[in-house]
>>> print(open('start.cif').read())   # mmCIF, C-alpha atoms
data_query
loop_
_atom_site.label_atom_id
_atom_site.label_comp_id
_atom_site.auth_asym_id
_atom_site.auth_seq_id
_atom_site.Cartn_x
_atom_site.Cartn_y
_atom_site.Cartn_z
CA MET A 176 52.66 -69.44 -42.29
CA SER A 177 51.94 -71.23 -45.57
CA LEU A 178 50.19 -69.32 -48.35
CA ILE A 179 47.00 -71.41 -48.00
CA GLN A 180 45.46 -72.48 -44.68
CA PHE A 181 42.03 -73.86 -43.78
CA ARG A 182 40.79 -73.76 -40.20
CA ASN A 183 37.63 -75.76 -39.46
CA VAL A 184 36.12 -74.94 -42.85
CA SER A 185 32.70 -76.33 -43.79
CA HIS A 186 30.31 -75.54 -46.61
CA TYR A 187 26.74 -76.64 -47.19
CA TYR A 188 24.46 -76.78 -50.21
CA GLY A 189 20.81 -76.93 -49.19
CA GLY A 190 21.74 -78.30 -45.80
CA LYS A 191 23.98 -81.01 -47.26
CA PRO A 192 27.71 -80.69 -46.47
CA ALA A 193 30.05 -80.37 -49.44
CA VAL A 194 33.13 -80.07 -47.22
CA LYS A 195 33.19 -80.88 -43.52
CA ASP A 196 35.32 -79.15 -40.87
CA LEU A 197 38.53 -79.11 -42.91
CA SER A 198 41.78 -77.95 -41.29
CA PHE A 199 45.02 -78.19 -43.28
CA GLU A 200 47.85 -76.25 -44.91
CA ILE A 201 49.14 -76.42 -48.47
CA GLU A 202 52.92 -76.68 -48.72
CA ASP A 203 54.44 -73.61 -50.35
CA LYS A 204 56.11 -73.89 -53.77
CA LYS A 205 55.03 -77.51 -54.15
CA ILE A 206 52.37 -79.20 -56.27
CA THR A 207 49.47 -80.66 -54.29
CA ALA A 208 46.96 -82.90 -56.05
CA ILE A 209 43.45 -83.31 -54.63
CA ILE A 210 41.93 -86.61 -55.73
CA GLY A 211 38.71 -88.48 -55.08
CA LYS A 212 35.48 -89.54 -56.73
CA SER A 213 32.96 -87.08 -58.20
CA GLY A 214 31.06 -85.30 -55.44
CA SER A 215 33.83 -85.72 -52.87
CA GLY A 216 34.26 -81.93 -52.44
CA LYS A 217 37.40 -81.42 -54.53
CA SER A 218 36.20 -78.57 -56.72
CA THR A 219 34.34 -76.90 -53.85
CA LEU A 220 37.60 -76.78 -51.92
CA LEU A 221 39.40 -75.16 -54.86
CA GLN A 222 36.62 -72.60 -55.35
CA ILE A 223 36.83 -71.71 -51.66
CA ILE A 224 40.58 -71.04 -52.02
CA ASN A 225 39.88 -68.73 -54.95
CA GLY A 226 37.12 -66.87 -53.11
CA LEU A 227 34.44 -68.01 -55.54
CA ILE A 228 32.60 -69.61 -52.60
CA LYS A 229 32.39 -68.13 -49.14
CA PRO A 230 32.28 -71.12 -46.77
CA SER A 231 29.40 -71.64 -44.37
CA GLY A 232 31.83 -71.81 -41.46
CA GLY A 233 35.50 -71.66 -40.53
CA SER A 234 38.35 -69.46 -41.73
CA VAL A 235 40.38 -69.46 -44.93
CA TYR A 236 43.80 -67.80 -44.92
CA VAL A 237 45.49 -66.94 -48.20
CA PHE A 238 48.80 -65.07 -48.32
CA GLY A 239 48.84 -64.93 -44.53
CA SER A 240 45.51 -63.15 -44.06
CA PRO A 241 41.85 -64.15 -43.88
CA LEU A 242 40.14 -63.90 -47.24
CA ASP A 243 38.57 -60.46 -47.61
CA TYR A 244 35.38 -61.15 -49.57
CA SER A 245 34.62 -57.43 -49.82
CA ASN A 246 37.83 -56.99 -51.86
CA ILE A 247 38.28 -60.47 -53.30
CA TYR A 248 39.34 -59.15 -56.73
CA LYS A 249 42.64 -57.95 -55.28
CA THR A 250 43.41 -61.43 -53.93
CA ARG A 251 42.39 -63.17 -57.16
CA LEU A 252 44.94 -61.13 -59.10
CA LYS A 253 47.59 -63.10 -57.19
CA ILE A 254 45.95 -66.47 -57.94
CA GLY A 255 46.15 -68.16 -61.33
CA TYR A 256 43.05 -70.22 -62.10
CA SER A 257 42.65 -72.66 -64.99
CA VAL A 258 39.66 -74.89 -65.61
CA GLN A 259 38.57 -77.45 -68.19
CA GLY A 260 37.60 -75.67 -71.39
CA THR A 261 39.87 -72.61 -70.84
CA GLY A 262 37.12 -69.99 -71.28
CA LEU A 263 39.05 -68.07 -73.95
CA PHE A 264 37.37 -65.06 -75.51
CA PRO A 265 36.50 -66.15 -79.09
CA HIS A 266 36.55 -62.61 -80.54
CA MET A 267 40.04 -61.85 -79.21
CA SER A 268 43.41 -62.88 -80.62
CA ILE A 269 45.63 -65.24 -78.65
CA TYR A 270 47.87 -62.32 -77.69
CA ASN A 271 44.94 -60.32 -76.34
CA ASN A 272 43.48 -63.35 -74.56
CA ILE A 273 46.74 -63.82 -72.67
CA ALA A 274 47.30 -60.10 -72.13
CA VAL A 275 43.87 -59.22 -70.74
CA LEU A 276 44.78 -59.15 -67.02
CA GLY A 277 47.94 -57.21 -67.73
CA LYS A 278 45.96 -54.55 -69.55
CA ILE A 279 43.33 -54.35 -66.80
CA THR A 280 46.03 -53.82 -64.17
CA ASN A 281 47.99 -51.33 -66.29
CA VAL A 282 51.14 -53.42 -66.71
CA PRO A 283 53.43 -51.66 -69.21
CA LYS A 284 53.02 -52.99 -72.75
CA HIS A 285 56.67 -54.03 -73.12
CA ASP A 286 56.46 -56.03 -69.86
CA ILE A 287 53.32 -57.79 -71.10
CA GLU A 288 54.99 -58.63 -74.40
CA ARG A 289 58.11 -59.99 -72.69
CA ARG A 290 56.03 -62.10 -70.29
CA ILE A 291 53.87 -63.52 -73.08
CA ASP A 292 56.99 -64.51 -75.02
CA THR A 293 58.36 -66.29 -71.95
CA LEU A 294 55.12 -68.14 -71.22
CA MET A 295 54.47 -69.19 -74.80
CA SER A 296 58.01 -70.56 -74.94
CA PHE A 297 57.39 -72.56 -71.73
CA VAL A 298 54.34 -74.29 -73.26
CA ASN A 299 55.76 -74.64 -76.78
CA LEU A 300 53.42 -72.26 -78.56
CA PRO A 301 55.09 -70.54 -81.56
CA PRO A 302 55.17 -66.72 -81.68
CA SER A 303 53.05 -66.83 -84.85
CA PHE A 304 50.07 -67.96 -82.72
CA LYS A 305 49.76 -64.49 -81.17
CA THR A 306 47.68 -63.29 -84.11
CA LYS A 307 45.50 -66.39 -84.31
CA TYR A 308 42.07 -66.81 -82.72
CA PRO A 309 40.90 -69.63 -80.43
CA TYR A 310 38.87 -71.38 -83.16
CA GLN A 311 42.09 -71.77 -85.16
CA LEU A 312 43.76 -73.80 -82.39
CA SER A 313 43.38 -77.38 -81.24
CA GLY A 314 41.98 -78.18 -77.79
CA GLY A 315 45.47 -78.77 -76.45
CA GLU A 316 46.75 -75.51 -77.87
CA GLN A 317 43.80 -73.63 -76.36
CA GLN A 318 44.54 -75.19 -72.97
CA ARG A 319 48.14 -73.99 -73.26
CA VAL A 320 46.86 -70.47 -73.97
CA GLY A 321 44.64 -70.73 -70.89
CA ILE A 322 47.67 -71.60 -68.77
CA CYS A 323 49.60 -68.64 -70.20
CA ARG A 324 46.72 -66.30 -69.38
CA ALA A 325 46.47 -67.61 -65.82
CA MET A 326 50.21 -67.18 -65.33
CA LEU A 327 50.64 -63.74 -66.92
CA LEU A 328 50.91 -61.82 -63.64
CA ASP A 329 53.29 -64.43 -62.21
CA PRO A 330 50.88 -65.45 -59.42
CA PRO A 331 52.40 -67.16 -56.36
CA VAL A 332 49.40 -69.55 -56.28
CA PHE A 333 48.09 -71.51 -59.28
CA LEU A 334 44.86 -73.53 -59.15
CA LEU A 335 43.88 -76.11 -61.80
CA ASP A 336 40.42 -77.67 -61.71
CA GLU A 337 40.32 -80.72 -64.01
CA ALA A 338 42.14 -78.46 -66.48
CA PHE A 339 43.46 -81.33 -68.62
CA ALA A 340 40.55 -83.79 -68.34
CA ALA A 341 39.25 -83.35 -71.90
CA LEU A 342 42.63 -83.71 -73.61
CA ASP A 343 43.85 -86.79 -75.46
CA PRO A 344 46.55 -88.78 -73.62
CA GLU A 345 49.44 -87.60 -75.81
CA THR A 346 48.55 -83.92 -75.51
CA LYS A 347 47.92 -84.29 -71.79
CA SER A 348 51.36 -85.87 -71.31
CA GLU A 349 53.01 -83.04 -73.23
CA ILE A 350 51.31 -80.35 -71.14
CA HIS A 351 52.19 -82.20 -67.93
CA THR A 352 55.85 -82.06 -68.92
CA GLU A 353 55.57 -78.37 -69.80
CA LEU A 354 53.92 -77.61 -66.45
CA LEU A 355 56.70 -79.38 -64.58
CA ASP A 356 59.30 -77.45 -66.60
CA MET A 357 57.51 -74.22 -65.73
CA GLN A 358 57.42 -75.18 -62.05
CA LYS A 359 61.14 -75.89 -62.11
CA ALA A 360 61.87 -72.51 -63.69
CA GLU A 361 59.34 -70.51 -61.63
CA PRO A 362 58.45 -72.45 -58.44
CA ARG A 363 55.04 -71.60 -56.99
CA THR A 364 52.26 -73.15 -54.91
CA ILE A 365 50.12 -75.24 -57.26
CA VAL A 366 46.90 -77.06 -56.32
CA ILE A 367 45.43 -79.49 -58.84
CA VAL A 368 42.00 -81.10 -58.65
CA THR A 369 41.90 -84.31 -60.67
CA HIS A 370 40.17 -87.67 -60.85
CA ASP A 371 43.18 -89.05 -62.76
CA LEU A 372 45.56 -90.85 -60.41
CA ASN A 373 48.23 -91.06 -63.12
CA GLU A 374 48.11 -87.27 -63.43
CA ALA A 375 48.40 -86.84 -59.67
CA VAL A 376 51.36 -89.20 -59.47
CA LYS A 377 53.19 -87.55 -62.38
CA LEU A 378 52.71 -83.98 -61.20
CA ALA A 379 52.28 -83.87 -57.44
CA ASP A 380 54.66 -83.62 -54.52
CA ASN A 381 51.75 -84.13 -52.10
CA ILE A 382 48.38 -85.86 -52.46
CA MET A 383 45.11 -85.19 -50.61
CA PHE A 384 42.41 -87.86 -50.88
CA MET A 385 38.84 -86.66 -50.28
CA GLN A 386 35.65 -88.60 -49.75
CA ASP A 387 32.19 -87.27 -48.82
CA GLY A 388 33.58 -83.82 -48.06
CA GLU A 389 36.26 -85.12 -45.69
CA ILE A 390 40.03 -85.54 -46.02
CA LYS A 391 40.75 -89.24 -45.64
CA GLN A 392 44.49 -88.93 -46.19
CA TYR A 393 46.93 -86.11 -46.87
CA GLY A 394 50.68 -86.40 -47.15
CA SER A 395 53.62 -86.88 -49.47
CA LYS A 396 52.94 -88.71 -52.71
CA LYS A 397 55.16 -91.57 -51.61
CA ASP A 398 53.39 -91.97 -48.28
CA VAL A 399 49.87 -91.89 -49.71
CA LEU A 400 50.71 -94.39 -52.46
CA ASN A 401 52.69 -96.79 -50.26
CA ASN A 402 50.71 -96.49 -47.03
CA PRO A 403 46.98 -95.99 -47.67
CA ALA A 404 45.34 -94.76 -44.45
CA SER A 405 42.10 -96.69 -44.89
CA VAL A 406 40.29 -99.29 -46.95
CA SER A 407 38.56 -96.56 -48.97
CA VAL A 408 41.88 -94.98 -49.93
CA LYS A 409 43.37 -98.35 -50.84
CA ASP A 410 40.34 -99.29 -52.93
CA TYR A 411 40.53 -96.01 -54.81
CA MET A 412 44.21 -96.58 -55.56
CA ASP A 413 43.67 -100.20 -56.58
CA ASN A 414 40.75 -99.36 -58.89
CA ARG A 415 42.89 -96.74 -60.63
CA ALA A 416 46.06 -98.82 -60.71
CA LEU A 417 48.92 -97.20 -62.55
#
>>> encode(input="start.cif", output="structure tokens")
Amino acid sequence: MSLIQFRNVSHYYGGKPAVKDLSFEIEDKKITAIIGKSGSGKSTLLQIINGLIKPSGGSVYVFGSPLDYSNIYKTRLKIGYSVQGTGLFPHMSIYNNIAVLGKITNVPKHDIERRIDTLMSFVNLPPSFKTKYPYQLSGGEQQRVGICRAMLLDPPVFLLDEAFAALDPETKSEIHTELLDMQKAEPRTIVIVTHDLNEAVKLADNIMFMQDGEIKQYGSKKDVLNNPASVSVKDYMDNRAL
């Protein structure tokens, strides 16, 4: 069984469906990009995986078991989650921002320090940044810190919701490369929500195209790009030509 499975999952806001009867699996230790226009249901799907939203119907399986919403905190500790804007604590140093989950879960201090050194090296943040504060860093550097924080406990699942959307093209390209290097060194199941087709093509092994809460196509990157399943998929690809 894959780490993430949806079985006939639907969710409604005020009677309007955000996602409709979705059944699929996410391939383990691969990067899956979810693309589509705004309002297609991409972020709702990611929030359902992370237990932030309990769907109106259907079943969500994560790590081989149905999500337990009465004890969702335990599951979330095994899921890295990074969003646009990072959400760093402004009053805490970079070290403490990254270390926060380790401290909460009583990870030994020397293990936290070793892990932070490894992660900062992955994303090209110098050790001297540990004592800095978020306001002293650029947007790209803050996003790198957010990735380190999400990855501190070495989660088998990593979710990114438009995490790089606000970055300039050069910084975005650098972080893409760093993420791929990290995935090569520590393979895990990564799900990325993005409206940027270039980002999806650079990062993903598999692509899911959503429209109006439905999955219009889901398969390998090569198959989705070379064999659009419908006019709507082809139009989306053509309008965001690489």
>>> closest_residue(input="start.cif", among="A:Glu288, A:Asp387, A:Asp398, A:Glu349", to="Pro192 (chain A)", atoms="all atoms listed in the file")
A:Asp387
>>> resolve_selection(input="start.cif", expression="the PyMOL selection byres ((chain A and resi 276) around 10)", output="list in words")
Leu252, Asn271, Asn272, Ile273, Ala274, Val275, Gly277, Lys278, Ile279, Thr280, Asn281, Val282, Ile287, Arg324, Ala325, Met326, Leu327 and Leu328 of chain A
>>> closest_atom_pairs(input="start.cif", of="region 253-351 of chain A", to="region 367-379 of chain A", cutoff="10 Å", atoms="only C-alpha atoms", output="JSON lines")
{"residue": "A:Ser257", "atom": "CA", "partner": "A:Ile367", "partner_atom": "CA", "distance": 9.6}
{"residue": "A:Val258", "atom": "CA", "partner": "A:Val368", "partner_atom": "CA", "distance": 9.6}
{"residue": "A:Phe333", "atom": "CA", "partner": "A:Ile367", "partner_atom": "CA", "distance": 8.4}
{"residue": "A:Leu334", "atom": "CA", "partner": "A:Ile367", "partner_atom": "CA", "distance": 6.0}
{"residue": "A:Leu335", "atom": "CA", "partner": "A:Ile367", "partner_atom": "CA", "distance": 4.8}
{"residue": "A:Asp336", "atom": "CA", "partner": "A:Val368", "partner_atom": "CA", "distance": 4.9}
{"residue": "A:Glu337", "atom": "CA", "partner": "A:Thr369", "partner_atom": "CA", "distance": 5.2}
{"residue": "A:Ala338", "atom": "CA", "partner": "A:Thr369", "partner_atom": "CA", "distance": 8.2}
{"residue": "A:Phe339", "atom": "CA", "partner": "A:Thr369", "partner_atom": "CA", "distance": 8.6}
{"residue": "A:Ala340", "atom": "CA", "partner": "A:Thr369", "partner_atom": "CA", "distance": 7.8}
{"residue": "A:Lys347", "atom": "CA", "partner": "A:Glu374", "partner_atom": "CA", "distance": 8.9}
{"residue": "A:Ser348", "atom": "CA", "partner": "A:Glu374", "partner_atom": "CA", "distance": 8.6}
{"residue": "A:His351", "atom": "CA", "partner": "A:Leu378", "partner_atom": "CA", "distance": 7.0}
>>> residues_around(input="start.cif", residues="Pro331 (chain A)", least_positions_apart="5", cutoff="10 Å", atoms="only C-alpha atoms", output="list in words")
Leu178, Asp203, Lys204, Phe238, Leu252, Lys253, Ile254, Gly255, Met326, Glu361, Pro362, Arg363, Thr364 and Ile365 of chain A
>>> residues_near_point(input="start.cif", point="(42.2, -68.3, -54.8)", cutoff="6 Å", atoms="only C-alpha atoms", output="list in words")
Ile224, Asn225, Gly226, Arg251 and Ile254 of chain A
>>> atom_distance(input="start.cif", atom1="CA of Asp356 (chain A)", atom2="CA of Asn381 (chain A)")
17.7 Å
>>> decode(input="start.cif", residues="region 278-301 of chain A", atoms="N, CA, C and O atoms", output="PDB file, in the first residue's frame")
ATOM      1  N   LYS A 278      12.443  20.030  19.658  1.00  0.00           N
ATOM      2  CA  LYS A 278      12.339  20.322  21.087  1.00  0.00           C
ATOM      3  C   LYS A 278      11.000  19.842  21.647  1.00  0.00           C
ATOM      4  O   LYS A 278      10.933  19.273  22.741  1.00  0.00           O
ATOM      5  N   ILE A 279       9.926  20.064  20.891  1.00  0.00           N
ATOM      6  CA  ILE A 279       8.598  19.654  21.344  1.00  0.00           C
ATOM      7  C   ILE A 279       8.522  18.146  21.533  1.00  0.00           C
ATOM      8  O   ILE A 279       7.867  17.646  22.452  1.00  0.00           O
ATOM      9  N   THR A 280       9.213  17.412  20.662  1.00  0.00           N
ATOM     10  CA  THR A 280       9.148  15.945  20.704  1.00  0.00           C
ATOM     11  C   THR A 280      10.328  15.329  21.462  1.00  0.00           C
ATOM     12  O   THR A 280      10.563  14.126  21.383  1.00  0.00           O
ATOM     13  N   ASN A 281      11.081  16.180  22.170  1.00  0.00           N
ATOM     14  CA  ASN A 281      12.161  15.712  23.046  1.00  0.00           C
ATOM     15  C   ASN A 281      13.282  14.970  22.315  1.00  0.00           C
ATOM     16  O   ASN A 281      13.856  14.012  22.843  1.00  0.00           O
ATOM     17  N   VAL A 282      13.587  15.402  21.111  1.00  0.00           N
ATOM     18  CA  VAL A 282      14.759  14.859  20.411  1.00  0.00           C
ATOM     19  C   VAL A 282      16.011  15.370  21.128  1.00  0.00           C
ATOM     20  O   VAL A 282      16.091  16.554  21.481  1.00  0.00           O
ATOM     21  N   PRO A 283      16.984  14.513  21.371  1.00  0.00           N
ATOM     22  CA  PRO A 283      18.212  14.954  22.048  1.00  0.00           C
ATOM     23  C   PRO A 283      18.865  16.136  21.326  1.00  0.00           C
ATOM     24  O   PRO A 283      18.870  16.195  20.090  1.00  0.00           O
ATOM     25  N   LYS A 284      19.408  17.061  22.115  1.00  0.00           N
ATOM     26  CA  LYS A 284      19.965  18.293  21.568  1.00  0.00           C
ATOM     27  C   LYS A 284      21.037  18.025  20.521  1.00  0.00           C
ATOM     28  O   LYS A 284      21.067  18.681  19.469  1.00  0.00           O
ATOM     29  N   HIS A 285      21.929  17.059  20.768  1.00  0.00           N
ATOM     30  CA  HIS A 285      23.003  16.799  19.806  1.00  0.00           C
ATOM     31  C   HIS A 285      22.459  16.253  18.485  1.00  0.00           C
ATOM     32  O   HIS A 285      23.017  16.515  17.421  1.00  0.00           O
ATOM     33  N   ASP A 286      21.340  15.509  18.542  1.00  0.00           N
ATOM     34  CA  ASP A 286      20.716  15.017  17.313  1.00  0.00           C
ATOM     35  C   ASP A 286      20.080  16.165  16.538  1.00  0.00           C
ATOM     36  O   ASP A 286      20.135  16.195  15.295  1.00  0.00           O
ATOM     37  N   ILE A 287      19.463  17.092  17.253  1.00  0.00           N
ATOM     38  CA  ILE A 287      18.880  18.271  16.604  1.00  0.00           C
ATOM     39  C   ILE A 287      19.977  19.073  15.911  1.00  0.00           C
ATOM     40  O   ILE A 287      19.831  19.473  14.749  1.00  0.00           O
ATOM     41  N   GLU A 288      21.070  19.299  16.620  1.00  0.00           N
ATOM     42  CA  GLU A 288      22.161  20.102  16.062  1.00  0.00           C
ATOM     43  C   GLU A 288      22.750  19.443  14.817  1.00  0.00           C
ATOM     44  O   GLU A 288      23.026  20.117  13.814  1.00  0.00           O
ATOM     45  N   ARG A 289      22.931  18.126  14.867  1.00  0.00           N
ATOM     46  CA  ARG A 289      23.483  17.410  13.716  1.00  0.00           C
ATOM     47  C   ARG A 289      22.537  17.487  12.522  1.00  0.00           C
ATOM     48  O   ARG A 289      22.967  17.696  11.381  1.00  0.00           O
ATOM     49  N   ARG A 290      21.238  17.327  12.791  1.00  0.00           N
ATOM     50  CA  ARG A 290      20.240  17.377  11.715  1.00  0.00           C
ATOM     51  C   ARG A 290      20.159  18.775  11.104  1.00  0.00           C
ATOM     52  O   ARG A 290      20.061  18.911   9.875  1.00  0.00           O
ATOM     53  N   ILE A 291      20.196  19.794  11.919  1.00  0.00           N
ATOM     54  CA  ILE A 291      20.153  21.169  11.407  1.00  0.00           C
ATOM     55  C   ILE A 291      21.363  21.451  10.528  1.00  0.00           C
ATOM     56  O   ILE A 291      21.240  22.070   9.459  1.00  0.00           O
ATOM     57  N   ASP A 292      22.534  20.997  10.940  1.00  0.00           N
ATOM     58  CA  ASP A 292      23.736  21.178  10.119  1.00  0.00           C
ATOM     59  C   ASP A 292      23.574  20.503   8.762  1.00  0.00           C
ATOM     60  O   ASP A 292      23.935  21.077   7.719  1.00  0.00           O
ATOM     61  N   THR A 293      23.028  19.301   8.758  1.00  0.00           N
ATOM     62  CA  THR A 293      22.824  18.567   7.508  1.00  0.00           C
ATOM     63  C   THR A 293      21.855  19.306   6.593  1.00  0.00           C
ATOM     64  O   THR A 293      22.124  19.493   5.398  1.00  0.00           O
ATOM     65  N   LEU A 294      20.730  19.739   7.157  1.00  0.00           N
ATOM     66  CA  LEU A 294      19.706  20.397   6.348  1.00  0.00           C
ATOM     67  C   LEU A 294      20.176  21.742   5.818  1.00  0.00           C
ATOM     68  O   LEU A 294      19.934  22.076   4.654  1.00  0.00           O
ATOM     69  N   MET A 295      20.825  22.523   6.653  1.00  0.00           N
ATOM     70  CA  MET A 295      21.310  23.823   6.194  1.00  0.00           C
ATOM     71  C   MET A 295      22.340  23.653   5.088  1.00  0.00           C
ATOM     72  O   MET A 295      22.407  24.463   4.158  1.00  0.00           O
ATOM     73  N   SER A 296      23.143  22.596   5.167  1.00  0.00           N
ATOM     74  CA  SER A 296      24.101  22.315   4.105  1.00  0.00           C
ATOM     75  C   SER A 296      23.385  21.977   2.803  1.00  0.00           C
ATOM     76  O   SER A 296      23.781  22.432   1.725  1.00  0.00           O
ATOM     77  N   PHE A 297      22.299  21.174   2.893  1.00  0.00           N
ATOM     78  CA  PHE A 297      21.519  20.799   1.709  1.00  0.00           C
ATOM     79  C   PHE A 297      21.033  22.043   0.960  1.00  0.00           C
ATOM     80  O   PHE A 297      21.038  22.080  -0.276  1.00  0.00           O
ATOM     81  N   VAL A 298      20.558  23.051   1.707  1.00  0.00           N
ATOM     82  CA  VAL A 298      19.934  24.219   1.063  1.00  0.00           C
ATOM     83  C   VAL A 298      20.865  25.429   1.026  1.00  0.00           C
ATOM     84  O   VAL A 298      20.429  26.562   0.790  1.00  0.00           O
ATOM     85  N   ASN A 299      22.160  25.172   1.241  1.00  0.00           N
ATOM     86  CA  ASN A 299      23.181  26.215   1.092  1.00  0.00           C
ATOM     87  C   ASN A 299      22.966  27.422   2.001  1.00  0.00           C
ATOM     88  O   ASN A 299      23.114  28.574   1.571  1.00  0.00           O
ATOM     89  N   LEU A 300      22.621  27.156   3.249  1.00  0.00           N
ATOM     90  CA  LEU A 300      22.579  28.212   4.256  1.00  0.00           C
ATOM     91  C   LEU A 300      23.825  28.083   5.130  1.00  0.00           C
ATOM     92  O   LEU A 300      24.093  27.014   5.670  1.00  0.00           O
ATOM     93  N   PRO A 301      24.616  29.141   5.300  1.00  0.00           N
ATOM     94  CA  PRO A 301      25.846  29.050   6.089  1.00  0.00           C
ATOM     95  C   PRO A 301      25.542  28.859   7.573  1.00  0.00           C
ATOM     96  O   PRO A 301      24.515  29.334   8.077  1.00  0.00           O
TER      97      PRO A 301
END
